[in-house]
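Asks: Got a file for you: final24.txt, compact mmCIF, C-alpha atoms and all ligand atoms.
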# COMPACT_ATOMS: atom_id res chain seq x y z
CA MET A 1 40.37 32.26 -49.06
CA PHE A 2 36.94 31.95 -50.71
CA ALA A 3 35.41 28.96 -52.40
CA ARG A 4 31.92 28.22 -53.66
CA THR A 5 29.79 25.20 -53.00
CA GLN A 6 26.28 24.53 -54.27
CA LYS A 7 24.73 25.09 -50.86
CA SER A 8 26.63 28.13 -49.64
CA THR A 9 29.85 30.09 -49.70
CA ILE A 10 32.68 28.81 -47.53
CA VAL A 11 34.09 31.95 -45.99
CA ARG A 12 37.09 30.29 -44.42
CA SER A 13 37.88 26.70 -43.68
CA CYS A 14 40.08 26.33 -40.64
CA VAL A 15 40.17 26.21 -36.82
CA GLY A 16 41.96 22.86 -37.03
CA PRO A 17 41.08 20.09 -39.42
CA MET A 18 37.45 19.46 -38.38
CA ILE A 19 35.83 22.87 -38.30
CA HIS A 20 34.68 25.05 -41.12
CA ILE A 21 32.99 28.39 -41.29
CA ARG A 22 30.43 29.21 -43.97
CA THR A 23 27.70 31.69 -44.77
CA LEU A 24 24.20 30.30 -44.42
CA PRO A 25 22.15 30.18 -47.60
CA PRO A 26 18.72 31.85 -47.42
CA GLY A 27 16.27 29.24 -46.15
CA GLY A 28 16.80 26.30 -43.86
CA ALA A 29 18.56 28.13 -41.03
CA GLU A 30 16.18 26.93 -38.29
CA ARG A 31 18.09 23.70 -37.59
CA ILE A 32 21.32 25.63 -37.06
CA ILE A 33 19.70 28.33 -34.92
CA ASP A 34 18.14 25.63 -32.73
CA ALA A 35 21.39 23.65 -32.41
CA VAL A 36 23.40 26.68 -31.33
CA PHE A 37 20.66 27.85 -28.94
CA ASN A 38 20.48 24.37 -27.36
CA GLY A 39 24.24 24.42 -26.78
CA LEU A 40 24.14 27.68 -24.81
CA SER A 41 24.01 27.73 -21.01
CA PRO A 42 21.39 29.97 -19.37
CA ARG A 43 24.08 32.63 -18.84
CA SER A 44 25.24 32.50 -22.48
CA ARG A 45 21.61 32.78 -23.65
CA TYR A 46 21.15 35.78 -21.42
CA LEU A 47 24.29 37.45 -22.76
CA ARG A 48 23.30 36.73 -26.38
CA TYR A 49 19.60 37.67 -26.20
CA HIS A 50 19.74 40.16 -23.32
CA ALA A 51 16.96 38.23 -21.58
CA PRO A 52 16.71 34.98 -19.60
CA LEU A 53 15.36 32.72 -22.36
CA PRO A 54 14.59 29.07 -21.53
CA ARG A 55 13.54 28.57 -25.17
CA LEU A 56 13.23 30.55 -28.42
CA SER A 57 9.70 31.66 -29.22
CA GLU A 58 8.46 30.71 -32.68
CA ALA A 59 8.28 34.41 -33.63
CA VAL A 60 11.92 35.11 -32.68
CA ARG A 61 13.06 31.89 -34.31
CA ARG A 62 11.28 32.81 -37.55
CA GLN A 63 12.78 36.30 -37.48
CA LEU A 64 16.30 34.95 -36.93
CA ALA A 65 15.88 32.45 -39.76
CA ASP A 66 14.59 35.07 -42.18
CA LEU A 67 17.84 35.52 -44.12
CA ASP A 68 18.21 37.09 -47.55
CA GLY A 69 22.01 37.02 -47.76
CA ARG A 70 22.26 40.80 -48.01
CA HIS A 71 20.19 42.75 -45.47
CA ARG A 72 20.10 39.79 -43.11
CA SER A 73 22.82 37.16 -43.25
CA ALA A 74 24.50 34.67 -40.97
CA ILE A 75 27.74 32.74 -40.74
CA VAL A 76 27.99 29.41 -38.96
CA ALA A 77 30.94 27.49 -37.51
CA GLU A 78 30.49 23.74 -37.72
CA VAL A 79 32.44 20.76 -36.50
CA THR A 80 32.33 17.55 -38.47
CA ASP A 81 31.09 14.78 -36.24
CA GLY A 82 30.41 11.64 -38.27
CA PRO A 83 28.34 12.23 -41.39
CA GLU A 84 26.67 15.31 -39.90
CA ALA A 85 28.21 18.75 -39.38
CA ALA A 86 27.32 19.99 -35.89
CA PRO A 87 26.85 23.77 -35.55
CA ILE A 88 28.95 25.24 -32.73
CA GLY A 89 28.72 28.98 -33.32
CA LEU A 90 26.68 31.52 -35.19
CA VAL A 91 27.15 35.18 -36.04
CA GLU A 92 24.24 37.13 -37.46
CA LEU A 93 24.40 40.38 -39.42
CA ALA A 94 21.45 42.74 -39.88
CA ASP A 95 21.41 45.91 -41.97
CA THR A 96 20.58 48.95 -39.82
CA GLY A 97 21.20 51.56 -42.54
CA ASP A 98 24.07 54.05 -42.93
CA GLY A 99 26.40 51.27 -44.08
CA THR A 100 26.13 49.57 -40.69
CA ALA A 101 25.57 45.88 -39.96
CA GLU A 102 24.41 44.97 -36.46
CA VAL A 103 26.26 41.89 -35.24
CA ALA A 104 25.15 39.26 -32.74
CA ILE A 105 27.30 36.23 -31.97
CA ALA A 106 27.12 33.08 -29.87
CA VAL A 107 29.46 30.11 -29.47
CA VAL A 108 28.11 27.00 -27.70
CA ASP A 109 29.55 26.68 -24.21
CA ALA A 110 31.46 23.47 -24.97
CA TRP A 111 33.47 25.31 -27.63
CA GLN A 112 34.02 28.68 -25.94
CA SER A 113 37.56 30.01 -25.41
CA ARG A 114 38.91 27.91 -28.30
CA GLY A 115 39.15 30.63 -30.94
CA VAL A 116 35.78 30.02 -32.64
CA GLY A 117 34.35 33.44 -31.73
CA ARG A 118 37.38 35.26 -33.08
CA ARG A 119 37.20 33.40 -36.40
CA LEU A 120 33.48 33.97 -36.70
CA LEU A 121 33.89 37.69 -36.08
CA ARG A 122 36.69 37.95 -38.63
CA ALA A 123 34.55 36.09 -41.16
CA ALA A 124 31.63 38.42 -40.35
CA ALA A 125 33.79 41.48 -41.00
CA GLU A 126 35.04 40.06 -44.33
CA HIS A 127 31.52 39.15 -45.35
CA ALA A 128 30.12 42.55 -44.32
CA GLU A 129 32.87 44.38 -46.19
CA ALA A 130 32.19 42.31 -49.32
CA LEU A 131 28.53 43.36 -49.06
CA GLY A 132 29.55 47.02 -48.90
CA TYR A 133 29.14 47.73 -45.19
CA THR A 134 31.58 50.16 -43.57
CA ARG A 135 30.81 49.51 -39.89
CA LEU A 136 29.87 46.69 -37.55
CA HIS A 137 27.79 47.54 -34.52
CA GLY A 138 27.06 45.38 -31.50
CA ARG A 139 25.13 45.83 -28.27
CA VAL A 140 26.78 44.19 -25.29
CA LEU A 141 25.50 43.82 -21.75
CA PRO A 142 27.66 45.45 -19.08
CA GLY A 143 29.81 42.75 -17.51
CA ASN A 144 30.16 40.74 -20.73
CA ASP A 145 33.96 40.82 -20.53
CA ALA A 146 34.36 37.93 -22.97
CA MET A 147 32.64 39.87 -25.77
CA ARG A 148 34.43 43.10 -24.98
CA ARG A 149 37.82 41.37 -24.99
CA LEU A 150 36.99 39.30 -28.05
CA THR A 151 36.11 42.48 -29.98
CA ARG A 152 39.16 44.38 -28.75
CA ARG A 153 41.51 41.50 -29.58
CA THR A 154 39.97 40.90 -33.00
CA PHE A 155 39.53 44.55 -34.04
CA PRO A 156 42.05 46.98 -32.49
CA GLN A 157 40.11 49.78 -34.22
CA ALA A 158 36.92 48.97 -32.26
CA ARG A 159 35.28 51.73 -30.22
CA LEU A 160 33.26 51.15 -27.08
CA ARG A 161 30.57 53.53 -25.85
CA LEU A 162 29.18 52.84 -22.40
CA GLY A 163 25.40 53.00 -22.05
CA SER A 164 22.96 52.61 -19.18
CA ASP A 165 21.42 49.28 -20.32
CA THR A 166 23.88 48.10 -22.94
CA ASP A 167 27.31 49.15 -24.15
CA ALA A 168 27.78 49.86 -27.85
CA LEU A 169 30.66 48.39 -29.80
CA ASP A 170 31.47 49.96 -33.15
CA VAL A 171 34.00 48.57 -35.57
CA PRO A 172 34.92 50.52 -38.70
CA ILE A 173 35.70 48.04 -41.49
CA GLY A 174 37.26 48.32 -44.92
CA PRO A 175 38.87 51.70 -45.72
CA ALA A 176 37.02 53.23 -42.72
CA ALA A 177 39.11 51.03 -40.42
CA SER A 178 42.26 53.08 -41.06
CA THR A 179 40.67 56.51 -40.49
CA VAL A 180 41.52 57.63 -36.94
CA THR A 181 39.81 60.72 -35.53
CA HIS A 182 40.41 62.61 -32.27
CA ALA A 183 37.18 61.06 -30.92
CA ASP A 184 38.54 57.61 -31.75
CA VAL A 185 41.66 58.24 -29.69
CA LEU A 186 39.57 59.29 -26.67
CA ALA A 187 37.19 56.34 -27.11
CA ASP A 188 40.16 54.00 -27.35
CA LEU A 189 41.56 55.30 -24.04
CA LEU A 190 38.21 54.66 -22.34
CA HIS A 191 37.86 51.28 -24.05
CA ARG A 192 41.23 50.05 -22.83
CA GLY A 193 40.46 51.21 -19.33
CA GLY A 194 37.24 49.10 -19.34
C1 LIG B 201 31.58 36.08 -26.45
C2 LIG B 201 31.82 34.76 -27.17
C3 LIG B 201 31.15 34.82 -28.53
C4 LIG B 201 33.34 34.55 -27.35
O1 LIG B 201 33.52 33.42 -28.19
P1 LIG B 201 34.77 32.44 -27.95
O2 LIG B 201 34.77 31.43 -29.03
O3 LIG B 201 34.70 31.92 -26.56
O4 LIG B 201 36.00 33.44 -28.08
P2 LIG B 201 37.48 33.08 -28.54
O5 LIG B 201 37.87 31.74 -27.98
O6 LIG B 201 37.57 33.27 -30.00
O7 LIG B 201 38.32 34.17 -27.76
C5 LIG B 201 38.86 35.30 -28.38
C6 LIG B 201 39.29 36.31 -27.33
O8 LIG B 201 38.15 36.69 -26.54
C7 LIG B 201 38.52 36.82 -25.18
N1 LIG B 201 37.71 35.91 -24.37
C8 LIG B 201 37.01 34.82 -24.78
N2 LIG B 201 36.34 34.29 -23.74
C9 LIG B 201 36.65 35.04 -22.67
C10 LIG B 201 36.26 34.99 -21.29
N3 LIG B 201 35.41 34.07 -20.84
N4 LIG B 201 36.75 35.96 -20.46
C11 LIG B 201 37.58 36.91 -20.91
N5 LIG B 201 37.98 37.01 -22.21
C12 LIG B 201 37.52 36.08 -23.06
C13 LIG B 201 39.96 36.48 -25.06
O9 LIG B 201 40.67 37.71 -25.00
C14 LIG B 201 40.30 35.77 -26.35
O10 LIG B 201 41.54 36.17 -26.79
P3 LIG B 201 42.88 35.39 -26.37
O11 LIG B 201 42.70 34.00 -26.90
O12 LIG B 201 43.91 36.14 -27.05
O13 LIG B 201 42.92 35.43 -24.89
C15 LIG B 201 31.27 33.55 -26.34
O14 LIG B 201 31.83 33.62 -25.05
C16 LIG B 201 29.76 33.51 -26.25
O15 LIG B 201 29.09 32.96 -27.12
N6 LIG B 201 29.19 34.09 -25.17
C17 LIG B 201 27.74 34.06 -24.96
C18 LIG B 201 26.98 34.93 -25.96
C19 LIG B 201 27.51 36.35 -25.99
O16 LIG B 201 27.97 36.90 -25.00
N7 LIG B 201 27.37 36.98 -27.16
C20 LIG B 201 27.77 38.36 -27.32
C21 LIG B 201 26.57 39.27 -27.35
S1 LIG B 201 26.26 39.84 -29.00
Mind turning the file's structure into structure tokens?
Replies:
Amino acid sequence: MFARTQKSTIVRSCVGPMIHIRTLPPGGAERIIDAVFNGLSPRSRYLRYHAPLPRLSEAVRRQLADLDGRHRSAIVAEVTDGPEAAPIGLVELADTGDGTAEVAIAVVDAWQSRGVGRRLLRAAAEHAEALGYTRLHGRVLPGNDAMRRLTRRTFPQARLRLGSDTDALDVPIGPAASTVTHADVLADLLHRGG
């Protein structure tokens, strides 16, 4: 279900009556990046940024906010709290070439395990497919069971490759999602064992 507003595109309105999910328009993303970062515990920040970050440096913040809606885009989940919409989750997509979008996601701790991550990831896949991407790619720290399970539950076609520093999650999307190779079957067996 897609609808247009002046400010942005609503990808999907749902997760109960108060939450909606929308793509961020280019420009003005800093407030949302800050709000989501401030809602993350030290462990969630570590899992998201792969480093113990007490705060976002200005350089990283600027880079994250540098969206063009095509090669770098982001989708936010917000809960309506009075006149203001409070950001509670953010998924970012970055073009890495070869039809692949690198995905990074975070849901503020107070809203984790309530289905926000799953909806954000689904919206990210729809958005990426609409932009012509054929694969999502994510780097996940070993031990991040929430992200591994979230990906597996959201995308049964996801493949996990174990690495020394980070594990790689690959999700074929669009027509590529229904192409199953021998390597996929083996990767799936390993994935489900993990
Ligand atoms: C990973 C993360 C995005 C999940 O978001 P979420 O909103 O909590 O996830 P959901 O509530 O949509 O859960 C969807 C599925 O994920 C799995 N899951 C979520 N949290 C989990 C946890 N703590 N432990 C195990 N599985 C978990 C469950 O299987 C769940 O499916 P189910 O409802 O059928 O059981 C969130 O925990 C987070 O922001 N973590 C910190 C940042 C991070 O790790 N980012 C990923 C690196 S790119």
Asks: Which of these residues is nearest to ligand LIG 201 (chain B), using only C-alpha atoms and all ligand atoms: A:Gly117, A:Gly132, A:Gly143, A:Gly163?
Replies: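 Ranked by minimum distance to ligand LIG 201 (chain B), first place goes to A:Gly117.
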Asks: Arg148 of chain A: which residues within 12 Å, counting all atoms listed in the file, same-chain residues fewer than 6 positions away excluded, as an mmCIF file with C-alpha atoms, in the frame of the given file?
Replies:
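And here is the file that came out, selection_9.cif:
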data_model
loop_
_atom_site.group_PDB
_atom_site.id
_atom_site.type_symbol
_atom_site.label_atom_id
_atom_site.label_comp_id
_atom_site.auth_asym_id
_atom_site.auth_seq_id
_atom_site.Cartn_x
_atom_site.Cartn_y
_atom_site.Cartn_z
ATOM 1 C CA LEU A 47 24.290 37.450 -22.760
ATOM 2 C CA GLY A 117 34.350 33.440 -31.730
ATOM 3 C CA ARG A 118 37.380 35.260 -33.080
ATOM 4 C CA GLY A 138 27.060 45.380 -31.500
ATOM 5 C CA ARG A 139 25.130 45.830 -28.270
ATOM 6 C CA VAL A 140 26.780 44.190 -25.290
ATOM 7 C CA LEU A 141 25.500 43.820 -21.750
ATOM 8 C CA PRO A 142 27.660 45.450 -19.080
ATOM 9 C CA THR A 154 39.970 40.900 -33.000
ATOM 10 C CA PHE A 155 39.530 44.550 -34.040
ATOM 11 C CA PRO A 156 42.050 46.980 -32.490
ATOM 12 C CA ALA A 158 36.920 48.970 -32.260
ATOM 13 C CA ARG A 159 35.280 51.730 -30.220
ATOM 14 C CA LEU A 160 33.260 51.150 -27.080
ATOM 15 C CA ARG A 161 30.570 53.530 -25.850
ATOM 16 C CA LEU A 162 29.180 52.840 -22.400
ATOM 17 C CA THR A 166 23.880 48.100 -22.940
ATOM 18 C CA ASP A 167 27.310 49.150 -24.150
ATOM 19 C CA ALA A 168 27.780 49.860 -27.850
ATOM 20 C CA LEU A 169 30.660 48.390 -29.800
ATOM 21 C CA ASP A 170 31.470 49.960 -33.150
ATOM 22 C CA VAL A 171 34.000 48.570 -35.570
ATOM 23 C CA HIS A 191 37.860 51.280 -24.050
ATOM 24 C CA ARG A 192 41.230 50.050 -22.830
ATOM 25 C CA GLY A 193 40.460 51.210 -19.330
ATOM 26 C CA GLY A 194 37.240 49.100 -19.340
#
Asks: Gly115 of chain A: which residues within 10 Å, counting all atoms listed in the file, same-chain residues fewer than 4 positions away excluded, as number ranges by chain?
Replies: A: 15, 107, 111, 119-120, 150
Asks: How close does each residue of chain A get to ligand LIG 201 (chain B), giving the shortest atom pair and distance in Å to one decimal for every residue with an atom at most 10 Å away, counting all atoms listed in the file, sorted by chain and residue number, as a Markdown table?
Replies:
| residue | atom | partner | partner_atom | distance |
| --- | --- | --- | --- | --- |
| A:Val36 | CA | B:LIG201 | O15 | 9.5 |
| A:Phe37 | CA | B:LIG201 | C18 | 9.9 |
| A:Gly39 | CA | B:LIG201 | O15 | 9.8 |
| A:Leu40 | CA | B:LIG201 | C17 | 7.3 |
| A:Ser41 | CA | B:LIG201 | C17 | 8.3 |
| A:Pro42 | CA | B:LIG201 | C17 | 9.4 |
| A:Arg43 | CA | B:LIG201 | C17 | 7.3 |
| A:Ser44 | CA | B:LIG201 | C17 | 3.9 |
| A:Arg45 | CA | B:LIG201 | C18 | 6.2 |
| A:Tyr46 | CA | B:LIG201 | C18 | 7.4 |
| A:Leu47 | CA | B:LIG201 | O16 | 4.3 |
| A:Arg48 | CA | B:LIG201 | C18 | 4.1 |
| A:Tyr49 | CA | B:LIG201 | C21 | 7.2 |
| A:His50 | CA | B:LIG201 | C21 | 8.0 |
| A:Ile88 | CA | B:LIG201 | O2 | 9.3 |
| A:Gly89 | CA | B:LIG201 | O15 | 7.4 |
| A:Leu90 | CA | B:LIG201 | O15 | 8.5 |
| A:Val91 | CA | B:LIG201 | S1 | 8.5 |
| A:Glu92 | CA | B:LIG201 | S1 | 9.1 |
| A:Glu102 | CA | B:LIG201 | S1 | 9.2 |
| A:Val103 | CA | B:LIG201 | S1 | 6.6 |
| A:Ala104 | CA | B:LIG201 | S1 | 3.9 |
| A:Ile105 | CA | B:LIG201 | S1 | 4.8 |
| A:Ala106 | CA | B:LIG201 | O15 | 3.4 |
| A:Val107 | CA | B:LIG201 | O15 | 3.7 |
| A:Val108 | CA | B:LIG201 | O15 | 6.1 |
| A:Asp109 | CA | B:LIG201 | O15 | 6.9 |
| A:Ala110 | CA | B:LIG201 | O3 | 9.2 |
| A:Trp111 | CA | B:LIG201 | O2 | 6.4 |
| A:Gln112 | CA | B:LIG201 | O3 | 3.4 |
| A:Ser113 | CA | B:LIG201 | O5 | 3.1 |
| A:Arg114 | CA | B:LIG201 | O5 | 4.0 |
| A:Gly115 | CA | B:LIG201 | O6 | 3.2 |
| A:Val116 | CA | B:LIG201 | O2 | 4.0 |
| A:Gly117 | CA | B:LIG201 | O2 | 3.4 |
| A:Arg118 | CA | B:LIG201 | O6 | 3.7 |
| A:Arg119 | CA | B:LIG201 | O6 | 6.4 |
| A:Leu120 | CA | B:LIG201 | O6 | 7.9 |
| A:Leu121 | CA | B:LIG201 | O6 | 8.4 |
| A:Arg122 | CA | B:LIG201 | O6 | 9.9 |
| A:His137 | CA | B:LIG201 | S1 | 9.6 |
| A:Gly138 | CA | B:LIG201 | S1 | 6.1 |
| A:Arg139 | CA | B:LIG201 | S1 | 6.1 |
| A:Val140 | CA | B:LIG201 | C21 | 5.3 |
| A:Leu141 | CA | B:LIG201 | C21 | 7.3 |
| A:Gly143 | CA | B:LIG201 | O16 | 9.7 |
| A:Asn144 | CA | B:LIG201 | O16 | 6.1 |
| A:Asp145 | CA | B:LIG201 | C11 | 5.3 |
| A:Ala146 | CA | B:LIG201 | C12 | 3.7 |
| A:Met147 | CA | B:LIG201 | C1 | 4.0 |
| A:Arg148 | CA | B:LIG201 | C7 | 7.5 |
| A:Arg149 | CA | B:LIG201 | C7 | 4.6 |
| A:Leu150 | CA | B:LIG201 | O8 | 3.2 |
| A:Thr151 | CA | B:LIG201 | O8 | 7.0 |
| A:Arg152 | CA | B:LIG201 | O9 | 7.8 |
| A:Arg153 | CA | B:LIG201 | O9 | 6.0 |
| A:Thr154 | CA | B:LIG201 | C6 | 7.3 |
| A:Leu169 | CA | B:LIG201 | S1 | 9.6 |
Asks: Find, counting only C-alpha atoms, the residue in A:Ala124, A:Glu30, A:Arg22, A:Asp98 that gets nearest to Ala59 of chain A.
Replies: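 Once distances to Ala59 of chain A are computed over only C-alpha atoms, the minimum belongs to A:Glu30.
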Asks: Kindly indicate which residue among A:Leu131, A:Ala94, A:Ala101, A:Ile21 lies nearest to Leu64 of chain A, using only C-alpha atoms for the distances.
Replies: A:Ala94
Asks: Edge lengths and centre in Å to one decimal, as AutoDock Vina command-line options, of the axis-aligned box that encloses all listed atoms of segment 126-140 of chain A with 5 Å added on every side?
Replies:
--center_x 30.1 --center_y 44.7 --center_z -37.3 --size_x 19.9 --size_y 21.0 --size_z 34.0
Asks: Using all atoms listed in the file, which of the listed residues (A:Ile32, A:Ser164, A:Ser178, A:Ile173) sits closest to Ile75 of chain A?
Replies: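 Among the listed residues, A:Ile32 lies closest to Ile75 of chain A.
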Asks: Could you work out how far atom CA of Ser73 of chain A lies from atom CA of Ala85 of chain A, giving the answer in Å with one decimal?
Replies: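 Result for atom CA of Ala85 of chain A versus atom CA of Ser73 of chain A: 19.6 Å, one decimal.
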Asks: Which distance in Å separates atom CA of Arg70 of chain A and atom CA of Arg55 of chain A, to one decimal?
Replies: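 Between atom CA of Arg70 of chain A and atom CA of Arg55 of chain A the gap is 27.3 Å.
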